[in-house]
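Colleague: Pasting run08.cif below, which is mmCIF, C-alpha atoms and all ligand atoms.
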```cif
data_run
loop_
_atom_site.label_atom_id
_atom_site.label_comp_id
_atom_site.auth_asym_id
_atom_site.auth_seq_id
_atom_site.Cartn_x
_atom_site.Cartn_y
_atom_site.Cartn_z
CA MET M 120 33.36 6.43 25.71
CA LYS M 121 30.19 4.40 25.79
CA LYS M 122 30.11 4.58 29.56
CA LYS M 123 30.55 8.30 29.55
CA LYS M 124 27.66 8.65 27.18
CA SER M 125 25.30 6.50 29.18
CA LEU M 126 26.30 8.37 32.34
CA SER M 127 25.55 11.68 30.72
CA LEU M 128 22.28 10.28 29.39
CA PHE M 129 21.45 9.16 32.90
CA LEU M 130 22.24 12.59 34.29
CA VAL M 131 20.13 14.30 31.69
CA ALA M 132 17.31 11.83 32.33
CA SER M 133 17.48 12.52 36.08
CA PHE M 134 17.50 16.22 35.33
CA ILE M 135 14.37 15.87 33.21
CA MET M 136 12.69 13.79 35.93
CA ALA M 137 13.60 16.40 38.53
CA ALA M 138 12.28 19.15 36.31
CA LEU M 139 9.08 17.28 35.61
CA THR M 140 8.34 16.35 39.19
CA GLY M 141 9.65 19.51 40.83
CA CYS M 142 12.90 19.48 42.80
CA GLY M 143 11.47 18.15 46.02
CA GLY M 144 10.27 15.09 44.17
CA THR M 145 6.60 15.89 44.64
CA ALA M 146 4.71 15.42 41.42
CA SER M 147 3.34 18.73 40.31
CA ASN M 148 1.67 19.94 37.18
CA THR M 149 1.52 23.51 38.27
CA SER M 150 4.16 25.89 37.10
CA SER M 151 4.50 28.05 40.20
CA ALA M 152 7.22 26.99 42.64
CA ALA M 153 9.43 24.48 40.86
CA PRO M 154 12.63 25.97 39.40
CA ALA M 155 11.98 24.30 36.08
CA ALA M 156 14.56 23.33 33.49
CA PRO M 157 15.47 26.26 31.28
CA SER M 158 12.97 25.94 28.47
CA ALA M 159 14.01 26.53 24.89
CA ALA M 160 11.90 29.65 24.76
CA ALA M 161 13.65 30.92 27.89
CA SER M 162 17.08 30.36 26.37
CA GLY M 163 15.94 32.05 23.15
CA GLU M 164 14.69 34.97 25.18
CA LYS M 165 18.01 35.34 26.97
CA GLY M 166 19.98 35.07 23.78
CA PHE M 167 23.39 33.47 23.39
CA ALA M 168 26.89 34.19 22.08
CA ALA M 169 27.13 35.49 18.52
CA ASP M 170 29.64 32.75 17.67
CA ALA M 171 27.66 29.92 19.29
CA THR M 172 27.47 26.40 17.87
CA ILE M 173 24.37 25.54 15.85
CA GLY M 174 23.60 21.91 14.98
CA VAL M 175 21.81 20.86 11.81
CA ALA M 176 20.65 17.24 11.54
CA LEU M 177 19.51 16.35 8.01
CA PRO M 178 17.86 13.03 7.08
CA TRP M 179 19.95 12.07 4.04
CA LEU M 180 21.46 13.62 0.93
CA GLY M 181 19.51 11.42 -1.49
CA THR M 182 17.56 14.20 -3.19
CA GLN M 183 18.94 17.51 -4.46
CA ASN M 184 17.10 19.65 -1.89
CA TRP M 185 18.90 17.96 1.02
CA ALA M 186 22.31 18.19 -0.66
CA GLU M 187 21.64 21.90 -1.21
CA ALA M 188 20.57 22.30 2.44
CA ASP M 189 23.79 20.62 3.60
CA LYS M 190 25.88 23.13 1.68
CA MET M 191 23.72 26.21 2.30
CA PHE M 192 23.41 25.69 6.06
CA LYS M 193 27.20 25.56 6.34
CA GLU M 194 27.59 28.69 4.20
CA GLN M 195 24.78 30.76 5.72
CA LEU M 196 25.47 29.86 9.36
CA GLU M 197 29.17 30.56 9.02
CA ALA M 198 28.47 33.83 7.19
CA ALA M 199 26.26 34.82 10.15
CA GLY M 200 29.19 34.18 12.53
CA PHE M 201 28.06 30.86 14.04
CA LYS M 202 29.95 27.58 14.29
CA ALA M 203 28.00 25.02 12.29
CA ILE M 204 27.78 21.27 12.83
CA VAL M 205 25.87 19.98 9.80
CA GLN M 206 25.32 16.23 9.53
CA HIS M 207 23.09 13.81 7.65
CA ALA M 208 21.92 10.40 8.83
CA ASP M 209 21.86 8.32 5.65
CA ASN M 210 18.12 7.77 6.29
CA LYS M 211 18.85 5.86 9.52
CA VAL M 212 16.93 6.77 12.68
CA PRO M 213 19.52 5.57 15.27
CA GLN M 214 22.28 7.46 13.45
CA GLN M 215 20.21 10.65 13.57
CA GLN M 216 19.44 10.16 17.28
CA GLN M 217 23.18 9.82 17.97
CA GLN M 218 24.03 12.87 15.91
CA ILE M 219 21.53 15.01 17.81
CA GLU M 220 22.82 13.60 21.11
CA SER M 221 26.34 14.63 20.19
CA MET M 222 25.17 18.11 19.14
CA ILE M 223 23.70 18.46 22.66
CA GLN M 224 26.99 17.32 24.20
CA ASN M 225 28.87 19.80 21.99
CA GLY M 226 26.95 22.72 23.45
CA ALA M 227 24.74 23.61 20.48
CA LYS M 228 22.37 26.48 21.29
CA VAL M 229 19.94 25.65 18.51
CA ILE M 230 19.41 22.30 16.78
CA VAL M 231 17.71 22.27 13.37
CA VAL M 232 16.24 18.91 12.43
CA GLY M 233 14.96 17.44 9.16
CA PRO M 234 13.86 14.10 10.63
CA VAL M 235 14.39 10.72 8.97
CA ASP M 236 11.22 9.61 10.76
CA GLY M 237 9.06 12.42 12.10
CA SER M 238 7.92 10.46 15.14
CA GLN M 239 11.12 8.73 16.31
CA LEU M 240 13.03 11.63 17.88
CA GLY M 241 10.76 12.43 20.82
CA ALA M 242 13.15 11.54 23.65
CA VAL M 243 16.33 13.12 22.28
CA LEU M 244 14.53 16.33 21.34
CA GLU M 245 12.92 16.57 24.77
CA GLU M 246 16.40 16.10 26.22
CA ALA M 247 17.65 18.99 24.06
CA SER M 248 14.76 21.19 25.17
CA ALA M 249 15.35 20.38 28.82
CA ALA M 250 18.96 21.49 28.35
CA GLY M 251 17.74 24.90 27.14
CA ILE M 252 18.43 24.26 23.44
CA SER M 253 15.95 25.60 20.89
CA VAL M 254 14.76 22.93 18.43
CA ILE M 255 13.55 23.88 14.95
CA GLY M 256 12.03 21.40 12.51
CA TYR M 257 13.29 21.94 8.98
CA ASP M 258 11.18 21.02 5.92
CA ARG M 259 9.49 18.16 7.83
CA LEU M 260 7.30 18.26 10.97
CA LEU M 261 8.68 16.89 14.28
CA GLU M 262 5.88 14.71 15.65
CA ASN M 263 4.90 13.30 19.04
CA THR M 264 7.33 15.40 21.05
CA THR M 265 7.17 18.48 23.23
CA GLY M 266 10.82 19.12 22.28
CA VAL M 267 10.15 21.41 19.33
CA ASP M 268 9.87 25.21 19.19
CA GLY M 269 8.79 25.69 15.58
CA VAL M 270 8.93 24.23 12.08
CA VAL M 271 10.03 25.95 8.90
CA GLN M 272 8.60 24.46 5.73
CA PHE M 273 6.84 24.93 2.43
CA GLY M 274 3.12 24.18 2.84
CA SER M 275 2.88 20.40 2.48
CA ILE M 276 -0.85 20.14 1.75
CA LYS M 277 -0.47 23.01 -0.70
CA THR M 278 2.41 21.20 -2.39
CA GLY M 279 0.16 18.17 -2.91
CA GLU M 280 -2.65 20.33 -4.28
CA LEU M 281 -0.26 21.84 -6.83
CA GLN M 282 0.88 18.36 -7.85
CA GLY M 283 -2.69 17.12 -8.29
CA GLN M 284 -3.72 20.21 -10.24
CA ALA M 285 -0.64 19.98 -12.48
CA LEU M 286 -1.54 16.37 -13.31
CA LEU M 287 -5.07 17.43 -14.31
CA ASP M 288 -3.82 20.39 -16.35
CA GLY M 289 -1.20 18.27 -18.11
CA LEU M 290 -3.75 15.59 -19.02
CA ALA M 291 -6.10 18.18 -20.51
CA ALA M 292 -3.23 19.81 -22.42
CA GLN M 293 -1.58 16.64 -23.75
CA LYS M 294 -3.87 13.61 -23.65
CA GLY M 295 -7.10 14.65 -25.37
CA LYS M 296 -10.50 14.56 -23.75
CA GLY M 297 -10.37 11.66 -21.30
CA PRO M 298 -11.34 9.67 -19.36
CA TYR M 299 -7.69 9.28 -18.42
CA ASN M 300 -5.94 6.19 -17.08
CA ILE M 301 -3.74 7.15 -14.16
CA GLU M 302 -1.72 5.73 -11.26
CA LEU M 303 -0.81 7.30 -7.92
CA PHE M 304 2.52 7.35 -6.07
CA GLY M 305 3.33 8.63 -2.59
CA GLY M 306 6.61 9.31 -0.80
CA GLY M 307 8.27 7.60 2.17
CA PRO M 308 5.72 6.81 4.89
CA ALA M 309 8.07 7.77 7.79
CA ASP M 310 8.29 11.33 6.40
CA PRO M 311 5.36 13.40 7.72
CA ASN M 312 5.32 15.34 4.46
CA ALA M 313 4.52 12.29 2.38
CA PRO M 314 0.95 11.64 3.60
CA ASN M 315 0.29 15.39 3.41
CA PHE M 316 1.49 15.67 -0.18
CA PHE M 317 -0.80 12.74 -1.04
CA LYS M 318 -3.73 14.21 0.89
CA GLY M 319 -3.36 17.57 -0.86
CA ALA M 320 -3.22 15.89 -4.26
CA MET M 321 -6.27 13.74 -3.53
CA LYS M 322 -8.28 16.84 -2.58
CA VAL M 323 -7.95 17.79 -6.24
CA LEU M 324 -8.02 14.32 -7.83
CA GLN M 325 -10.70 12.48 -5.82
CA PRO M 326 -13.66 14.45 -7.27
CA LYS M 327 -12.34 13.68 -10.76
CA ILE M 328 -12.03 10.00 -9.87
CA ASP M 329 -15.57 10.09 -8.51
CA ASP M 330 -17.00 11.67 -11.68
CA GLY M 331 -15.15 9.23 -13.94
CA THR M 332 -12.74 11.72 -15.55
CA LEU M 333 -9.82 9.82 -13.97
CA VAL M 334 -9.57 6.05 -13.78
CA VAL M 335 -7.02 4.54 -11.39
CA VAL M 336 -6.73 1.31 -13.37
CA SER M 337 -4.95 -0.68 -10.65
CA GLY M 338 -7.49 0.42 -8.06
CA GLN M 339 -4.60 1.35 -5.72
CA LYS M 340 -5.75 4.62 -4.19
CA ASP M 341 -4.77 4.53 -0.51
CA PHE M 342 -1.60 6.23 0.62
CA THR M 343 -0.32 2.98 2.13
CA GLN M 344 -0.69 1.16 -1.20
CA CYS M 345 0.94 3.98 -3.12
CA ALA M 346 3.76 4.97 -0.72
CA THR M 347 7.42 4.51 -1.72
CA MET M 348 9.44 3.17 1.21
CA ASP M 349 12.33 5.55 2.07
CA TRP M 350 11.62 7.68 -1.01
CA ASP M 351 13.65 5.06 -2.88
CA ASN M 352 13.48 5.71 -6.64
CA SER M 353 14.32 2.12 -7.49
CA LYS M 354 11.38 0.88 -5.40
CA ALA M 355 9.09 3.29 -7.27
CA GLN M 356 10.44 2.05 -10.58
CA ALA M 357 9.82 -1.58 -9.54
CA ARG M 358 6.23 -0.74 -8.56
CA MET M 359 5.69 1.09 -11.85
CA ASP M 360 7.09 -1.89 -13.79
CA SER M 361 4.65 -4.22 -12.10
CA LEU M 362 1.68 -1.85 -12.50
CA LEU M 363 2.41 -1.59 -16.22
CA SER M 364 2.85 -5.31 -16.74
CA GLY M 365 -0.11 -6.19 -14.53
CA PHE M 366 -2.71 -3.65 -15.68
CA TYR M 367 -1.61 -1.96 -18.89
CA SER M 368 -0.92 -4.58 -21.52
CA GLY M 369 -2.71 -3.19 -24.55
CA LYS M 370 -3.81 -0.12 -22.59
CA GLU M 371 -2.33 3.36 -22.53
CA ILE M 372 -1.36 5.03 -19.27
CA HIS M 373 -2.03 8.76 -19.52
CA GLY M 374 -0.77 10.20 -16.27
CA VAL M 375 0.92 9.49 -12.95
CA LEU M 376 0.91 11.43 -9.68
CA SER M 377 4.51 11.52 -8.46
CA PRO M 378 5.51 13.02 -5.08
CA ASN M 379 8.97 14.16 -6.18
CA ASP M 380 11.32 14.43 -9.13
CA GLY M 381 13.45 11.35 -8.50
CA ILE M 382 10.33 9.18 -8.41
CA ALA M 383 8.96 11.02 -11.48
CA ARG M 384 12.05 10.07 -13.49
CA ALA M 385 11.78 6.46 -12.31
CA ILE M 386 8.12 6.38 -13.45
CA ILE M 387 8.96 7.90 -16.82
CA THR M 388 11.85 5.48 -17.36
CA ALA M 389 9.65 2.47 -16.51
CA SER M 390 6.97 3.74 -18.92
CA GLU M 391 9.44 4.16 -21.76
CA GLN M 392 10.87 0.70 -21.13
CA ALA M 393 7.37 -0.78 -21.27
CA GLY M 394 6.86 0.82 -24.70
CA GLN M 395 4.30 3.34 -23.44
CA LYS M 396 4.04 6.90 -24.70
CA ILE M 397 5.39 9.12 -21.93
CA PRO M 398 2.58 9.84 -19.45
CA VAL M 399 1.98 13.23 -17.83
CA VAL M 400 3.92 13.09 -14.55
CA SER M 401 4.09 15.57 -11.67
CA GLY M 402 7.13 16.15 -9.44
CA LEU M 403 8.77 18.16 -6.68
CA ASP M 404 12.10 19.85 -5.93
CA ALA M 405 13.03 21.26 -9.35
CA GLU M 406 16.01 18.91 -9.44
CA ASN M 407 18.45 19.77 -12.21
CA GLU M 408 17.79 16.63 -14.20
CA SER M 409 14.03 17.11 -14.02
CA VAL M 410 14.32 20.77 -14.98
CA GLN M 411 16.06 19.54 -18.14
CA TRP M 412 13.37 16.89 -18.69
CA ILE M 413 10.65 19.52 -18.29
CA TRP M 414 12.40 21.77 -20.76
CA SER M 415 12.69 18.92 -23.28
CA GLY M 416 9.07 17.86 -22.69
CA LYS M 417 9.79 14.53 -21.01
CA GLN M 418 8.44 15.40 -17.52
CA TYR M 419 5.34 17.59 -17.33
CA SER M 420 5.80 19.49 -14.06
CA THR M 421 7.66 19.94 -10.83
CA VAL M 422 7.09 22.06 -7.73
CA ALA M 423 9.85 24.46 -6.74
CA LYS M 424 10.55 25.00 -3.06
CA PRO M 425 13.84 26.89 -3.16
CA THR M 426 16.29 25.58 -0.56
CA ASP M 427 18.13 28.89 -0.21
CA VAL M 428 14.90 30.58 0.88
CA LEU M 429 14.04 27.85 3.40
CA VAL M 430 17.56 27.84 4.85
CA GLY M 431 17.51 31.67 4.88
CA LYS M 432 14.25 31.70 6.87
CA THR M 433 15.70 29.22 9.38
CA VAL M 434 18.87 31.28 9.84
CA GLU M 435 16.74 34.41 10.34
CA ILE M 436 14.91 32.63 13.19
CA ILE M 437 18.24 31.53 14.71
CA LYS M 438 19.54 35.11 14.59
CA GLY M 439 16.42 36.24 16.47
CA LEU M 440 17.05 33.60 19.15
CA GLN M 441 20.70 34.67 19.38
CA ALA M 442 19.65 38.28 19.93
CA GLY M 443 17.30 37.23 22.74
CA LYS M 444 14.11 38.00 20.81
CA GLY M 445 12.63 34.49 21.17
CA MET M 446 10.93 32.73 18.27
CA LEU M 447 9.42 34.90 15.52
CA ALA M 448 5.63 34.85 15.33
CA PRO M 449 4.64 31.80 13.24
CA ASP M 450 2.25 31.86 10.27
CA THR M 451 0.13 29.01 11.59
CA THR M 452 0.18 26.17 14.09
CA VAL M 453 -0.17 22.45 13.71
CA ASN M 454 -0.72 19.82 16.41
CA ASN M 455 2.10 17.29 16.38
CA GLY M 456 0.36 14.80 18.66
CA LYS M 457 1.80 16.36 21.83
CA LYS M 458 1.61 20.12 21.33
CA ASP M 459 0.61 22.87 18.95
CA VAL M 460 3.75 23.72 17.00
CA GLY M 461 4.25 27.10 15.33
CA VAL M 462 4.83 26.70 11.60
CA TYR M 463 6.68 29.19 9.39
CA GLU M 464 5.11 28.38 6.06
CA LEU M 465 6.49 29.37 2.67
CA ALA M 466 4.65 29.08 -0.63
CA PRO M 467 5.69 26.39 -3.14
CA VAL M 468 5.43 27.18 -6.87
CA VAL M 469 4.41 24.79 -9.64
CA VAL M 470 6.73 24.81 -12.66
CA THR M 471 6.01 23.59 -16.20
CA LYS M 472 7.76 24.38 -19.45
CA GLU M 473 5.44 27.40 -19.84
CA ASN M 474 6.54 29.28 -16.72
CA ALA M 475 10.04 27.82 -16.15
CA LYS M 476 11.86 30.99 -17.20
CA GLU M 477 9.79 33.12 -14.85
CA ALA M 478 9.99 30.62 -11.99
CA PHE M 479 13.79 30.38 -12.17
CA ALA M 480 14.47 34.04 -12.97
CA ASN M 481 16.48 34.39 -9.74
CA ASP M 482 18.21 31.03 -10.01
CA ALA M 483 21.16 31.24 -12.38
CA GLY M 484 21.96 27.54 -12.02
CA ARG M 485 18.53 26.36 -13.12
CA MET M 486 18.16 29.11 -15.74
CA ALA M 487 21.29 27.75 -17.39
CA LEU M 488 19.51 24.39 -17.84
CA LEU M 489 16.73 25.90 -19.94
CA LYS M 490 18.26 25.49 -23.36
C1 LIG L 1 11.02 16.83 1.00
C2 LIG L 1 11.19 16.68 -0.47
C3 LIG L 1 12.10 15.51 -0.81
C4 LIG L 1 11.71 14.27 -0.03
C5 LIG L 1 12.69 13.14 -0.22
C6 LIG L 1 10.59 15.53 1.59
O1 LIG L 1 10.38 15.65 2.96
O2 LIG L 1 10.06 17.83 1.28
O3 LIG L 1 11.71 17.88 -0.98
O4 LIG L 1 12.05 15.21 -2.17
O5 LIG L 1 11.61 14.57 1.33
O6 LIG L 1 13.97 13.49 0.17
#
```
As a first step, turn the structure in this file into structure tokens.
Ligand code: BGC

Modeller:
Amino acid sequence: MKKKKSLSLFLVASFIMAALTGCGGTASNTSSAAPAAPSAAASGEKGFAADATIGVALPWLGTQNWAEADKMFKEQLEAAGFKAIVQHADNKVPQQQQQIESMIQNGAKVIVVGPVDGSQLGAVLEEASAAGISVIGYDRLLENTTGVDGVVQFGSIKTGELQGQALLDGLAAQKGKGPYNIELFGGGPADPNAPNFFKGAMKVLQPKIDDGTLVVVSGQKDFTQCATMDWDNSKAQARMDSLLSGFYSGKEIHGVLSPNDGIARAIITASEQAGQKIPVVSGLDAENESVQWIWSGKQYSTVAKPTDVLVGKTVEIIKGLQAGKGMLAPDTTVNNGKKDVGVYELAPVVVTKENAKEAFANDAGRMALLK
């Protein structure tokens, strides 16, 4: 089994080498003569069978959005007539590399990837591309690889801006005039979204730190100091515990920037356990438990990025590839370190108790939590 795999890897590697250097073995950067490997765009332009296999490689199921994606990809791909291989990698890079490798071996025509680590899939994705498979990044950017044809996501800088603005609005609404004592949290550093969420938030918060409205009492303001390894809620809770015991004895904490809902609940729990009044805390994902906490006033805000819409957009792109129409025109492009990647960008929506009923009007499951 192992042997077979390394042989096939070797063959694919030789194929890539041949394609890169031209068949005669003369190095060539020009496109003209060499019968190049079928590029993903070429395969998308030719189309493929209506019941083809589509692979979906998700990073983990540790937050509600990924668990929803797991279920919705299966449902929506099968409803569209495709065979779906949907897997998650338990946040482990080698496991995800193997899963993508086996999707290639299983003849997938498109592979959708939410990477565990945005920059660790270069080789396997380039292998997929060289085999004529279209590769679509889902929710997270695929970095440092030419093996990507587009990325479908909610704007990540915009998401951060909404989180920063919600923190400011919540402080003004609930914590008097200020200055306000705050702390900052970021997501998992391997996830390309995490630094972007933080960057977007700091666009809004930094001027208020500079003018003294906000005071980061710990002084920890760099993404690297604030990041939460692997988006692990318990690590965020441990950091919050130590921030509170180290910097807030006899001092009130008014607000905390949180990159998602799981970390928001960890921050709120740590604050309660330290005997603090609940600070204003931002979030992301509109997870069920946080929707309930927002409704009861325990968490101030979240940002909704509906999974069904993101999966729906991805399946629409796959249907276009199947029909031989190539990739849809993207909304914008972003450089991933190796190429400009087309990005299909959807708009995230901030949700507080005030607009929850409007925001979830089309979401019966979440509406049912608002009572
Ligand atoms: C997603 C978030 C999610 C986080 C942790 C991010 O890339 O955009 O929705 O909360 O990963 O799973």

Colleague: Mind listing as a count of residues only all residues within 12 Å of (25.8, 21.5, 24.9), counting all atoms listed in the file?

Modeller: 26

Colleague: Using all atoms listed in the file, determine which residues fall within 6 Å of ligand LIG 1 (chain L), then list them as a ChimeraX atom specification.

Modeller: /M:182,184,258-259,310,312,350,379,404

Colleague: Residues of stretch 210-299 of chain M that approach stretch 366-372 of chain M to 12 Å or less, counting only C-alpha atoms: could you list each one with the shortest pair of atoms and its distance in Å to one decimal, rows by chain and increasing residue number, as JSON lines?

Modeller:
```
{"residue": "M:Leu290", "atom": "CA", "partner": "M:Ile372", "partner_atom": "CA", "distance": 10.8}
{"residue": "M:Lys294", "atom": "CA", "partner": "M:Ile372", "partner_atom": "CA", "distance": 10.0}
{"residue": "M:Gly297", "atom": "CA", "partner": "M:Ile372", "partner_atom": "CA", "distance": 11.4}
{"residue": "M:Pro298", "atom": "CA", "partner": "M:Ile372", "partner_atom": "CA", "distance": 11.0}
{"residue": "M:Tyr299", "atom": "CA", "partner": "M:Ile372", "partner_atom": "CA", "distance": 7.7}
```

Colleague: May I ask for the distance between atom CA of M:Ala199 and atom CA of M:Tyr463, given in Å to one decimal place?

Modeller: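 Separation of atom CA of M:Ala199 and atom CA of M:Tyr463: 20.4 Å.
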
Colleague: Give the answer as one residue: which of M:Ala480, M:Val468, M:Val428, M:Leu488 has the shortest atom-to-atom distance to M:Asn407, using all atoms listed in the file?

Modeller: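 Once distances to M:Asn407 are computed over all atoms listed in the file, the minimum belongs to M:Leu488.
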
Colleague: Taking only C-alpha atoms into account, name the residue in M:Asn352, M:Gln239, M:Thr347, M:Thr451 that is nearest to M:Gln215.

Modeller: M:Gln239

Colleague: Just the residues within 12 Å of M:Gln293, please, counting only C-alpha atoms, with nothing from its chain fewer than 2 positions along; format it as a ChimeraX atom specification.

Modeller: /M:285-291,295-297,299,373-374,396-400,416-419

Colleague: Residues near M:Leu177, anyone? I mean within 10 Å using all atoms listed in the file, not counting same-chain ones fewer than 2 positions away, as a list in words.

Modeller: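 The filter keeps Gly174, Val175, Trp179, Leu180, Trp185, Ala186, Ala188, Asp189, Val205, Gln206, His207, Ala208, Asp209, Asn210, Gln215, Gln218, Val231, Val232, Gly233, Pro234, Val235, Tyr257 and Asp258 of chain M.
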
Colleague: Which of these residues is nearest to M:Asp482, using all atoms listed in the file: M:Val434, M:Ile328, M:Val469, M:Ala405?

Modeller: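 Comparing M:Val434, M:Ile328, M:Val469, M:Ala405 against M:Asp482, the winner is M:Ala405.
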
Colleague: Interatomic distance between atom CA of M:Gly439 and atom CA of M:Thr426?

Modeller: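 These atoms are spaced 20.1 Å apart.
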
Colleague: Tell me which protein, DNA and RNA residues are within 8 Å of M:Asp380, counting all atoms listed in the file, leaving out same-chain ones fewer than 3 positions away, and put them as a ChimeraX atom specification.

Modeller: /M:377,383-384,401-406,409,421

Colleague: How big is the axis-aligned box, and where does its centre sit, when it encloses all atoms of stretch 290-308 of chain M listed in the file and has 8 Å added on every side, reported in Å to one decimal as AutoDock Vina command-line options?

Modeller:
```
--center_x -1.5 --center_y 12.8 --center_z -10.2 --size_x 35.6 --size_y 30.1 --size_z 46.3
```

Colleague: Enter the distance from atom CA of M:Val375 to atom CA of M:Ile301, in Å, rounded to one decimal.

Modeller: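 Distance reported for this atom pair: 5.4 Å.
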
Colleague: Of the candidates M:Ala487, M:Glu164, M:Met348, M:Val470, which shows the shortest atom-to-atom distance to M:Leu447, using all atoms listed in the file?

Modeller: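 Looking only at the distances to M:Leu447, the closest residue turns out to be M:Glu164.
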